[in-house]
Amino acid sequence: MATRIEVMDLLRGMAILGVVIGHISAETLYEKITLPGLFFNQLIRFAVPVFIFLSGLGLSLSRKPRLSYSHFIWDRLRKLMPLYTFWSFVYLIVGDSTAQPLTLERAGLALISGGAAYHLYFIPLILQFYLVFPYLEQYFRRTSGLLVALAITLALQFAKIYLPLPVPWVYFIDQRNFLGWLFYFALGIWCGPRLPLVERWAKQRETLLFFLLLPALGGLTIEALLYLKQGWGLNLALTQMRPSVLLYSLVVGLWVWASSPWPAGVKSCLAFLARLSYDLFLIHVFVLTLFTRFYLSTGQKRATLLYGCSALVVVLAGSLFLALTERGLVKRYGRGRKGD
């Protein structure tokens, strides 16, 4: 991709901010179900779908046809794995509350499954998409391929919510299974050669998309609330793998693509977050965990506005500091190796 696409940076910046807010709101909900906590938790449900969509779109726009499969996979792995491995060990050592010994077997399983921390499932998930991308790229560029991906995703999402599957089949509805997210990735690939058409279609419907945002978000929140009232557990009631989340994510993404020029300050902040999004994703749960432990040690409760606001400030500031420090060290180390 020769030039950066501004809207992709806006979406990526919004998504990483949404991930942080979502995990903070989840902390409040695990202590007590409140309407504000539920609202903010559902407000950001577009975040993971957007990240997956952007992965497909980015690969579609930057794919080098002559690159062999092994070189393509190696290029992806060398960008993802070093920091992912480092932070997985940090979570296993510092963030572990089970006091289990850190063995090679446990570390290996954690890396494969993303099990070192609750948010790291996303990295093995993305790696699955990378593994199949060279084989499915041409298929998902076709509308028929996109519709098949939509059917697969919806089928697994309905199964996750409404069908009690036996144990051997549980993997198919697990959030680590790429098939449950396939539509978002395929949509990114499909949009790659059609970006001007997508943008023009969205801009012609900017007002409609804006007025669809509120009912889409309201329906999402009400649905989650009803599931909770029916006695569903938090993980299932709030899951991102719901057809309503798919619809909401589409509305949010199209609205961002269609919306009039954003204020320069907002664009700069989101672009800054976008550039650090991978580092922030890996780091923020570490900062959130430490802050929450300290906050609870003072005798305070999590399900409060004070916790939510203070956690957002501390987690963003702490994560940005660590991310910038990490980038600086990586850059300095890289230069040192080149000078050897």
# chains A, B, ... in the order shown; residues from 1 in each chain; ligands from 1
$ residues_around --residues "region 84-86 of chain A" --least-positions-apart "6" --cutoff "9 Å" --atoms "only C-alpha atoms" --output "PyMOL selection string"
chain A and resi 111+120+123+282
$ residues_around --residues "region 250-256 of chain A" --least-positions-apart "4" --cutoff "9 Å" --atoms "only C-alpha atoms" --output "list of chain:residue names"
A:Val7, A:Leu10, A:Leu11, A:Phe46, A:Pro49, A:Val50, A:Val198, A:Glu199, A:Ala202, A:Lys203, A:Arg205, A:Glu206, A:Thr207, A:Leu208, A:Leu209, A:Phe210, A:Leu212, A:Leu213, A:Ala216, A:Val245, A:Leu246, A:Ser260
$ residues_around --residues "Ser55 (chain A)" --least-positions-apart "3" --cutoff "9 Å" --atoms "only C-alpha atoms" --output "PyMOL selection string"
chain A and resi 50-52+58-60+126+129+185+188-189
$ write_last_selection --atoms "N, CA and C atoms" --output "PDB file, in the first residue's frame"
ATOM      1  N   VAL A  50     -13.925  -4.679  13.601  1.00  0.00           N
ATOM      2  CA  VAL A  50     -13.197  -3.683  12.805  1.00  0.00           C
ATOM      3  C   VAL A  50     -11.743  -4.086  12.630  1.00  0.00           C
ATOM      4  N   PHE A  51     -11.106  -4.569  13.699  1.00  0.00           N
ATOM      5  CA  PHE A  51      -9.714  -5.014  13.579  1.00  0.00           C
ATOM      6  C   PHE A  51      -9.587  -6.142  12.553  1.00  0.00           C
ATOM      7  N   ILE A  52     -10.512  -7.087  12.578  1.00  0.00           N
ATOM      8  CA  ILE A  52     -10.447  -8.211  11.643  1.00  0.00           C
ATOM      9  C   ILE A  52     -10.713  -7.731  10.217  1.00  0.00           C
ATOM     10  N   GLY A  58      -6.254  -4.613   4.695  1.00  0.00           N
ATOM     11  CA  GLY A  58      -4.839  -4.300   4.557  1.00  0.00           C
ATOM     12  C   GLY A  58      -4.094  -5.331   3.723  1.00  0.00           C
ATOM     13  N   LEU A  59      -4.377  -6.607   3.955  1.00  0.00           N
ATOM     14  CA  LEU A  59      -3.734  -7.660   3.162  1.00  0.00           C
ATOM     15  C   LEU A  59      -4.160  -7.575   1.701  1.00  0.00           C
ATOM     16  N   SER A  60      -5.422  -7.274   1.468  1.00  0.00           N
ATOM     17  CA  SER A  60      -5.934  -7.179   0.107  1.00  0.00           C
ATOM     18  C   SER A  60      -5.256  -6.046  -0.669  1.00  0.00           C
ATOM     19  N   ILE A 126      -5.952 -14.167  14.484  1.00  0.00           N
ATOM     20  CA  ILE A 126      -5.459 -13.470  13.304  1.00  0.00           C
ATOM     21  C   ILE A 126      -4.479 -14.342  12.522  1.00  0.00           C
ATOM     22  N   PHE A 129      -6.204 -16.513  10.103  1.00  0.00           N
ATOM     23  CA  PHE A 129      -6.574 -15.801   8.883  1.00  0.00           C
ATOM     24  C   PHE A 129      -5.376 -15.656   7.940  1.00  0.00           C
ATOM     25  N   PHE A 185     -13.374 -10.636   7.910  1.00  0.00           N
ATOM     26  CA  PHE A 185     -12.127 -10.748   7.158  1.00  0.00           C
ATOM     27  C   PHE A 185     -12.408 -10.775   5.659  1.00  0.00           C
ATOM     28  N   GLY A 188     -13.268  -7.372   4.318  1.00  0.00           N
ATOM     29  CA  GLY A 188     -12.095  -6.548   4.065  1.00  0.00           C
ATOM     30  C   GLY A 188     -11.459  -6.868   2.729  1.00  0.00           C
ATOM     31  N   ILE A 189     -11.334  -8.160   2.424  1.00  0.00           N
ATOM     32  CA  ILE A 189     -10.763  -8.575   1.141  1.00  0.00           C
ATOM     33  C   ILE A 189     -11.661  -8.118  -0.007  1.00  0.00           C
TER      34      ILE A 189
END
$ select_by_dssp --residues "region 22-152 of chain A" --states "helix (DSSP H, G or I)" --output "VMD selection string"
chain A and resid 22 to 31 35 to 43 47 to 62 69 to 93 104 to 113 122 to 140 143 to 152
$ write_last_selection --atoms "C-alpha atoms" --output "short mmCIF file (atom, residue, chain, number, x, y, z; two decimals), in the first residue's frame"
data_model
loop_
_atom_site.label_atom_id
_atom_site.label_comp_id
_atom_site.auth_asym_id
_atom_site.auth_seq_id
_atom_site.Cartn_x
_atom_site.Cartn_y
_atom_site.Cartn_z
CA GLY A 22 -14.63 -2.54 26.74
CA HIS A 23 -12.26 -4.27 29.14
CA ILE A 24 -12.69 -1.51 31.73
CA SER A 25 -16.47 -1.75 31.49
CA ALA A 26 -16.23 -5.53 31.81
CA GLU A 27 -14.39 -5.08 35.12
CA THR A 28 -17.34 -3.06 36.44
CA LEU A 29 -19.90 -5.56 35.15
CA TYR A 30 -18.21 -8.52 36.81
CA GLU A 31 -18.71 -6.75 40.13
CA LEU A 35 -26.86 0.21 32.85
CA PRO A 36 -23.93 2.61 32.19
CA GLY A 37 -21.45 -0.28 32.35
CA LEU A 38 -23.60 -2.35 30.00
CA PHE A 39 -24.04 0.59 27.61
CA PHE A 40 -20.32 1.29 27.27
CA ASN A 41 -19.58 -2.42 26.98
CA GLN A 42 -21.93 -2.71 24.03
CA LEU A 43 -21.00 0.66 22.54
CA ALA A 47 -13.85 -2.98 17.91
CA VAL A 48 -12.79 -6.60 17.26
CA PRO A 49 -14.85 -6.89 14.04
CA VAL A 50 -13.20 -3.68 12.80
CA PHE A 51 -9.71 -5.01 13.58
CA ILE A 52 -10.45 -8.21 11.64
CA PHE A 53 -11.98 -6.26 8.75
CA LEU A 54 -8.91 -4.00 8.60
CA SER A 55 -6.62 -7.05 8.57
CA GLY A 56 -8.41 -8.41 5.52
CA LEU A 57 -8.49 -5.01 3.83
CA GLY A 58 -4.84 -4.30 4.56
CA LEU A 59 -3.73 -7.66 3.16
CA SER A 60 -5.93 -7.18 0.11
CA LEU A 61 -4.39 -3.77 -0.63
CA SER A 62 -0.77 -4.66 0.11
CA TYR A 69 3.40 -18.68 0.67
CA SER A 70 6.30 -19.38 3.02
CA HIS A 71 7.66 -15.84 2.64
CA PHE A 72 4.20 -14.37 3.22
CA ILE A 73 3.70 -16.38 6.43
CA TRP A 74 7.21 -15.58 7.67
CA ASP A 75 6.63 -11.89 7.03
CA ARG A 76 3.46 -12.03 9.15
CA LEU A 77 5.04 -14.08 11.94
CA ARG A 78 8.11 -11.88 12.34
CA LYS A 79 5.88 -8.85 12.82
CA LEU A 80 3.51 -10.44 15.33
CA MET A 81 5.32 -13.11 17.29
CA PRO A 82 8.22 -11.38 19.11
CA LEU A 83 6.07 -8.91 21.06
CA TYR A 84 3.24 -11.41 21.44
CA THR A 85 5.67 -13.95 22.92
CA PHE A 86 7.23 -11.39 25.24
CA TRP A 87 3.91 -10.15 26.62
CA SER A 88 2.55 -13.68 26.93
CA PHE A 89 5.43 -14.48 29.29
CA VAL A 90 4.80 -11.23 31.18
CA TYR A 91 1.18 -12.24 31.75
CA LEU A 92 2.15 -15.78 32.70
CA ILE A 93 4.70 -14.56 35.25
CA LEU A 104 7.57 -25.13 28.86
CA GLU A 105 4.37 -27.11 28.23
CA ARG A 106 2.22 -24.46 29.88
CA ALA A 107 4.01 -21.64 28.05
CA GLY A 108 3.70 -23.44 24.72
CA LEU A 109 -0.02 -24.06 25.15
CA ALA A 110 -0.52 -20.43 26.16
CA LEU A 111 1.23 -19.21 23.02
CA ILE A 112 -0.75 -21.50 20.75
CA SER A 113 -4.13 -20.72 22.31
CA PHE A 122 -6.98 -12.47 19.17
CA ILE A 123 -3.40 -13.14 18.03
CA PRO A 124 -3.83 -16.89 17.26
CA LEU A 125 -7.15 -15.92 15.66
CA ILE A 126 -5.46 -13.47 13.30
CA LEU A 127 -2.73 -16.00 12.55
CA GLN A 128 -5.39 -18.43 11.35
CA PHE A 129 -6.57 -15.80 8.88
CA TYR A 130 -3.02 -15.27 7.67
CA LEU A 131 -2.63 -19.01 7.09
CA VAL A 132 -5.69 -19.22 4.83
CA PHE A 133 -5.49 -15.80 3.16
CA PRO A 134 -3.29 -16.77 0.17
CA TYR A 135 -5.63 -19.65 -0.65
CA LEU A 136 -8.93 -17.78 -0.21
CA GLU A 137 -8.06 -14.27 -1.36
CA GLN A 138 -9.35 -14.65 -4.90
CA TYR A 139 -12.50 -16.42 -3.73
CA PHE A 140 -13.41 -13.69 -1.23
CA THR A 143 -19.48 -11.40 -4.04
CA SER A 144 -20.46 -15.07 -3.97
CA GLY A 145 -17.49 -15.78 -1.71
CA LEU A 146 -18.48 -12.95 0.62
CA LEU A 147 -22.03 -14.33 0.89
CA VAL A 148 -20.70 -17.80 1.73
CA ALA A 149 -18.51 -16.26 4.46
CA LEU A 150 -21.56 -14.42 5.80
CA ALA A 151 -23.59 -17.64 5.90
CA ILE A 152 -20.83 -19.50 7.77
#
$ atom_distance --atom1 "CA of Arg63 (chain A)" --atom2 "CA of Arg275 (chain A)"
19.9 Å
$ atom_distance --atom1 "CA of Arg142 (chain A)" --atom2 "CA of Tyr248 (chain A)"
23.4 Å
$ closest_residue --among "A:Gln230, A:Gln240, A:Ser268, A:Ser297" --to "Gly180 (chain A)" --atoms "only C-alpha atoms"
A:Gln240
$ closest_residue --among "A:Ile222, A:Ile173, A:Leu228, A:Leu17" --to "Ile33 (chain A)" --atoms "only C-alpha atoms"
A:Leu228
$ closest_residue --among "A:Met241, A:Met14, A:Ala116, A:Leu217" --to "Thr153 (chain A)" --atoms "only C-alpha atoms"
A:Met241
$ closest_residue --among "A:Gly318, A:Pro243, A:Pro196, A:Gly265" --to "Leu280 (chain A)" --atoms "only C-alpha atoms"
A:Gly318
$ atom_distance --atom1 "CA of Gly114 (chain A)" --atom2 "CA of Tyr307 (chain A)"
27.6 Å
$ closest_residue --among "A:Arg293, A:Arg141, A:His284, A:Arg45" --to "Gly192 (chain A)" --atoms "only C-alpha atoms"
A:Arg141
$ decode --residues "region 228-276 of chain A" --atoms "N, CA and C atoms" --output "PDB file, in the first residue's frame"
ATOM      1  N   LEU A 228     -29.334 -11.154  30.020  1.00  0.00           N
ATOM      2  CA  LEU A 228     -28.931 -11.192  31.430  1.00  0.00           C
ATOM      3  C   LEU A 228     -30.136 -11.447  32.333  1.00  0.00           C
ATOM      4  N   LYS A 229     -31.262 -10.839  32.012  1.00  0.00           N
ATOM      5  CA  LYS A 229     -32.480 -11.036  32.815  1.00  0.00           C
ATOM      6  C   LYS A 229     -32.987 -12.468  32.717  1.00  0.00           C
ATOM      7  N   GLN A 230     -32.673 -13.138  31.586  1.00  0.00           N
ATOM      8  CA  GLN A 230     -33.069 -14.537  31.415  1.00  0.00           C
ATOM      9  C   GLN A 230     -32.116 -15.496  32.115  1.00  0.00           C
ATOM     10  N   GLY A 231     -31.098 -14.945  32.781  1.00  0.00           N
ATOM     11  CA  GLY A 231     -30.175 -15.777  33.537  1.00  0.00           C
ATOM     12  C   GLY A 231     -28.960 -16.237  32.777  1.00  0.00           C
ATOM     13  N   TRP A 232     -28.706 -15.661  31.584  1.00  0.00           N
ATOM     14  CA  TRP A 232     -27.518 -16.029  30.834  1.00  0.00           C
ATOM     15  C   TRP A 232     -26.282 -15.477  31.541  1.00  0.00           C
ATOM     16  N   GLY A 233     -25.176 -16.171  31.446  1.00  0.00           N
ATOM     17  CA  GLY A 233     -23.932 -15.679  32.013  1.00  0.00           C
ATOM     18  C   GLY A 233     -23.429 -14.459  31.255  1.00  0.00           C
ATOM     19  N   LEU A 234     -22.551 -13.692  31.893  1.00  0.00           N
ATOM     20  CA  LEU A 234     -22.041 -12.472  31.275  1.00  0.00           C
ATOM     21  C   LEU A 234     -21.337 -12.751  29.949  1.00  0.00           C
ATOM     22  N   ASN A 235     -20.519 -13.773  29.914  1.00  0.00           N
ATOM     23  CA  ASN A 235     -19.744 -14.048  28.699  1.00  0.00           C
ATOM     24  C   ASN A 235     -20.643 -14.317  27.506  1.00  0.00           C
ATOM     25  N   LEU A 236     -21.718 -15.043  27.717  1.00  0.00           N
ATOM     26  CA  LEU A 236     -22.618 -15.359  26.617  1.00  0.00           C
ATOM     27  C   LEU A 236     -23.536 -14.186  26.285  1.00  0.00           C
ATOM     28  N   ALA A 237     -24.037 -13.493  27.308  1.00  0.00           N
ATOM     29  CA  ALA A 237     -24.960 -12.379  27.086  1.00  0.00           C
ATOM     30  C   ALA A 237     -24.281 -11.218  26.375  1.00  0.00           C
ATOM     31  N   LEU A 238     -22.992 -11.022  26.644  1.00  0.00           N
ATOM     32  CA  LEU A 238     -22.282  -9.871  26.086  1.00  0.00           C
ATOM     33  C   LEU A 238     -21.380 -10.245  24.911  1.00  0.00           C
ATOM     34  N   THR A 239     -21.415 -11.487  24.481  1.00  0.00           N
ATOM     35  CA  THR A 239     -20.473 -11.947  23.471  1.00  0.00           C
ATOM     36  C   THR A 239     -20.507 -11.095  22.204  1.00  0.00           C
ATOM     37  N   GLN A 240     -19.324 -10.966  21.597  1.00  0.00           N
ATOM     38  CA  GLN A 240     -19.224 -10.240  20.326  1.00  0.00           C
ATOM     39  C   GLN A 240     -19.698 -11.086  19.159  1.00  0.00           C
ATOM     40  N   MET A 241     -19.825 -12.384  19.366  1.00  0.00           N
ATOM     41  CA  MET A 241     -20.222 -13.286  18.290  1.00  0.00           C
ATOM     42  C   MET A 241     -21.745 -13.408  18.249  1.00  0.00           C
ATOM     43  N   ARG A 242     -22.392 -12.278  17.946  1.00  0.00           N
ATOM     44  CA  ARG A 242     -23.847 -12.213  17.825  1.00  0.00           C
ATOM     45  C   ARG A 242     -24.202 -11.538  16.509  1.00  0.00           C
ATOM     46  N   PRO A 243     -25.268 -11.977  15.837  1.00  0.00           N
ATOM     47  CA  PRO A 243     -25.675 -11.317  14.591  1.00  0.00           C
ATOM     48  C   PRO A 243     -25.951  -9.831  14.773  1.00  0.00           C
ATOM     49  N   SER A 244     -26.462  -9.441  15.934  1.00  0.00           N
ATOM     50  CA  SER A 244     -26.727  -8.024  16.188  1.00  0.00           C
ATOM     51  C   SER A 244     -25.437  -7.215  16.208  1.00  0.00           C
ATOM     52  N   VAL A 245     -24.347  -7.809  16.710  1.00  0.00           N
ATOM     53  CA  VAL A 245     -23.047  -7.133  16.705  1.00  0.00           C
ATOM     54  C   VAL A 245     -22.558  -6.965  15.266  1.00  0.00           C
ATOM     55  N   LEU A 246     -22.789  -7.956  14.443  1.00  0.00           N
ATOM     56  CA  LEU A 246     -22.400  -7.876  13.037  1.00  0.00           C
ATOM     57  C   LEU A 246     -23.092  -6.692  12.368  1.00  0.00           C
ATOM     58  N   LEU A 247     -24.401  -6.565  12.592  1.00  0.00           N
ATOM     59  CA  LEU A 247     -25.155  -5.461  11.999  1.00  0.00           C
ATOM     60  C   LEU A 247     -24.661  -4.120  12.528  1.00  0.00           C
ATOM     61  N   TYR A 248     -24.475  -4.024  13.825  1.00  0.00           N
ATOM     62  CA  TYR A 248     -24.007  -2.787  14.448  1.00  0.00           C
ATOM     63  C   TYR A 248     -22.625  -2.400  13.918  1.00  0.00           C
ATOM     64  N   SER A 249     -21.734  -3.370  13.789  1.00  0.00           N
ATOM     65  CA  SER A 249     -20.381  -3.098  13.301  1.00  0.00           C
ATOM     66  C   SER A 249     -20.406  -2.569  11.868  1.00  0.00           C
ATOM     67  N   LEU A 250     -21.279  -3.128  11.047  1.00  0.00           N
ATOM     68  CA  LEU A 250     -21.408  -2.639   9.675  1.00  0.00           C
ATOM     69  C   LEU A 250     -21.862  -1.185   9.641  1.00  0.00           C
ATOM     70  N   VAL A 251     -22.840  -0.854  10.483  1.00  0.00           N
ATOM     71  CA  VAL A 251     -23.348   0.524  10.520  1.00  0.00           C
ATOM     72  C   VAL A 251     -22.255   1.486  10.975  1.00  0.00           C
ATOM     73  N   VAL A 252     -21.514   1.106  12.030  1.00  0.00           N
ATOM     74  CA  VAL A 252     -20.440   1.967  12.536  1.00  0.00           C
ATOM     75  C   VAL A 252     -19.369   2.164  11.466  1.00  0.00           C
ATOM     76  N   GLY A 253     -18.921   1.066  10.850  1.00  0.00           N
ATOM     77  CA  GLY A 253     -17.869   1.162   9.843  1.00  0.00           C
ATOM     78  C   GLY A 253     -18.278   2.011   8.652  1.00  0.00           C
ATOM     79  N   LEU A 254     -19.494   1.809   8.157  1.00  0.00           N
ATOM     80  CA  LEU A 254     -19.963   2.587   7.009  1.00  0.00           C
ATOM     81  C   LEU A 254     -20.141   4.049   7.372  1.00  0.00           C
ATOM     82  N   TRP A 255     -20.615   4.318   8.600  1.00  0.00           N
ATOM     83  CA  TRP A 255     -20.786   5.711   9.022  1.00  0.00           C
ATOM     84  C   TRP A 255     -19.446   6.435   9.100  1.00  0.00           C
ATOM     85  N   VAL A 256     -18.426   5.776   9.646  1.00  0.00           N
ATOM     86  CA  VAL A 256     -17.103   6.393   9.710  1.00  0.00           C
ATOM     87  C   VAL A 256     -16.584   6.659   8.300  1.00  0.00           C
ATOM     88  N   TRP A 257     -16.802   5.716   7.398  1.00  0.00           N
ATOM     89  CA  TRP A 257     -16.356   5.897   6.022  1.00  0.00           C
ATOM     90  C   TRP A 257     -17.110   7.029   5.326  1.00  0.00           C
ATOM     91  N   ALA A 258     -18.367   7.212   5.723  1.00  0.00           N
ATOM     92  CA  ALA A 258     -19.197   8.209   5.045  1.00  0.00           C
ATOM     93  C   ALA A 258     -19.099   9.588   5.658  1.00  0.00           C
ATOM     94  N   SER A 259     -18.730   9.687   6.931  1.00  0.00           N
ATOM     95  CA  SER A 259     -18.856  10.940   7.662  1.00  0.00           C
ATOM     96  C   SER A 259     -17.974  12.035   7.089  1.00  0.00           C
ATOM     97  N   SER A 260     -18.436  13.262   7.268  1.00  0.00           N
ATOM     98  CA  SER A 260     -17.729  14.439   6.788  1.00  0.00           C
ATOM     99  C   SER A 260     -16.383  14.562   7.490  1.00  0.00           C
ATOM    100  N   PRO A 261     -15.495  15.418   6.985  1.00  0.00           N
ATOM    101  CA  PRO A 261     -14.161  15.544   7.588  1.00  0.00           C
ATOM    102  C   PRO A 261     -14.199  15.713   9.102  1.00  0.00           C
ATOM    103  N   TRP A 262     -13.393  14.938   9.796  1.00  0.00           N
ATOM    104  CA  TRP A 262     -13.334  14.986  11.250  1.00  0.00           C
ATOM    105  C   TRP A 262     -12.450  16.148  11.681  1.00  0.00           C
ATOM    106  N   PRO A 263     -12.654  16.677  12.896  1.00  0.00           N
ATOM    107  CA  PRO A 263     -11.750  17.728  13.411  1.00  0.00           C
ATOM    108  C   PRO A 263     -10.308  17.244  13.400  1.00  0.00           C
ATOM    109  N   ALA A 264      -9.396  18.145  13.084  1.00  0.00           N
ATOM    110  CA  ALA A 264      -7.989  17.777  12.938  1.00  0.00           C
ATOM    111  C   ALA A 264      -7.427  17.153  14.213  1.00  0.00           C
ATOM    112  N   GLY A 265      -7.835  17.688  15.373  1.00  0.00           N
ATOM    113  CA  GLY A 265      -7.334  17.152  16.640  1.00  0.00           C
ATOM    114  C   GLY A 265      -7.769  15.724  16.868  1.00  0.00           C
ATOM    115  N   VAL A 266      -9.012  15.427  16.538  1.00  0.00           N
ATOM    116  CA  VAL A 266      -9.537  14.067  16.705  1.00  0.00           C
ATOM    117  C   VAL A 266      -8.801  13.110  15.762  1.00  0.00           C
ATOM    118  N   LYS A 267      -8.614  13.538  14.521  1.00  0.00           N
ATOM    119  CA  LYS A 267      -7.915  12.688  13.554  1.00  0.00           C
ATOM    120  C   LYS A 267      -6.482  12.409  13.998  1.00  0.00           C
ATOM    121  N   SER A 268      -5.815  13.440  14.524  1.00  0.00           N
ATOM    122  CA  SER A 268      -4.431  13.258  14.965  1.00  0.00           C
ATOM    123  C   SER A 268      -4.345  12.270  16.126  1.00  0.00           C
ATOM    124  N   CYS A 269      -5.273  12.402  17.086  1.00  0.00           N
ATOM    125  CA  CYS A 269      -5.269  11.486  18.239  1.00  0.00           C
ATOM    126  C   CYS A 269      -5.538  10.056  17.814  1.00  0.00           C
ATOM    127  N   LEU A 270      -6.532   9.861  16.959  1.00  0.00           N
ATOM    128  CA  LEU A 270      -6.869   8.512  16.517  1.00  0.00           C
ATOM    129  C   LEU A 270      -5.755   7.916  15.656  1.00  0.00           C
ATOM    130  N   ALA A 271      -5.123   8.741  14.820  1.00  0.00           N
ATOM    131  CA  ALA A 271      -4.020   8.246  14.006  1.00  0.00           C
ATOM    132  C   ALA A 271      -2.837   7.839  14.890  1.00  0.00           C
ATOM    133  N   PHE A 272      -2.600   8.600  15.965  1.00  0.00           N
ATOM    134  CA  PHE A 272      -1.528   8.269  16.908  1.00  0.00           C
ATOM    135  C   PHE A 272      -1.802   6.932  17.583  1.00  0.00           C
ATOM    136  N   LEU A 273      -3.056   6.744  18.045  1.00  0.00           N
ATOM    137  CA  LEU A 273      -3.435   5.476  18.653  1.00  0.00           C
ATOM    138  C   LEU A 273      -3.347   4.336  17.644  1.00  0.00           C
ATOM    139  N   ALA A 274      -3.707   4.625  16.392  1.00  0.00           N
ATOM    140  CA  ALA A 274      -3.662   3.594  15.351  1.00  0.00           C
ATOM    141  C   ALA A 274      -2.245   3.087  15.128  1.00  0.00           C
ATOM    142  N   ARG A 275      -1.272   4.009  15.129  1.00  0.00           N
ATOM    143  CA  ARG A 275       0.117   3.615  14.891  1.00  0.00           C
ATOM    144  C   ARG A 275       0.661   2.728  16.015  1.00  0.00           C
ATOM    145  N   LEU A 276       0.106   2.897  17.216  1.00  0.00           N
ATOM    146  CA  LEU A 276       0.572   2.118  18.370  1.00  0.00           C
ATOM    147  C   LEU A 276      -0.408   1.007  18.743  1.00  0.00           C
TER     148      LEU A 276
END
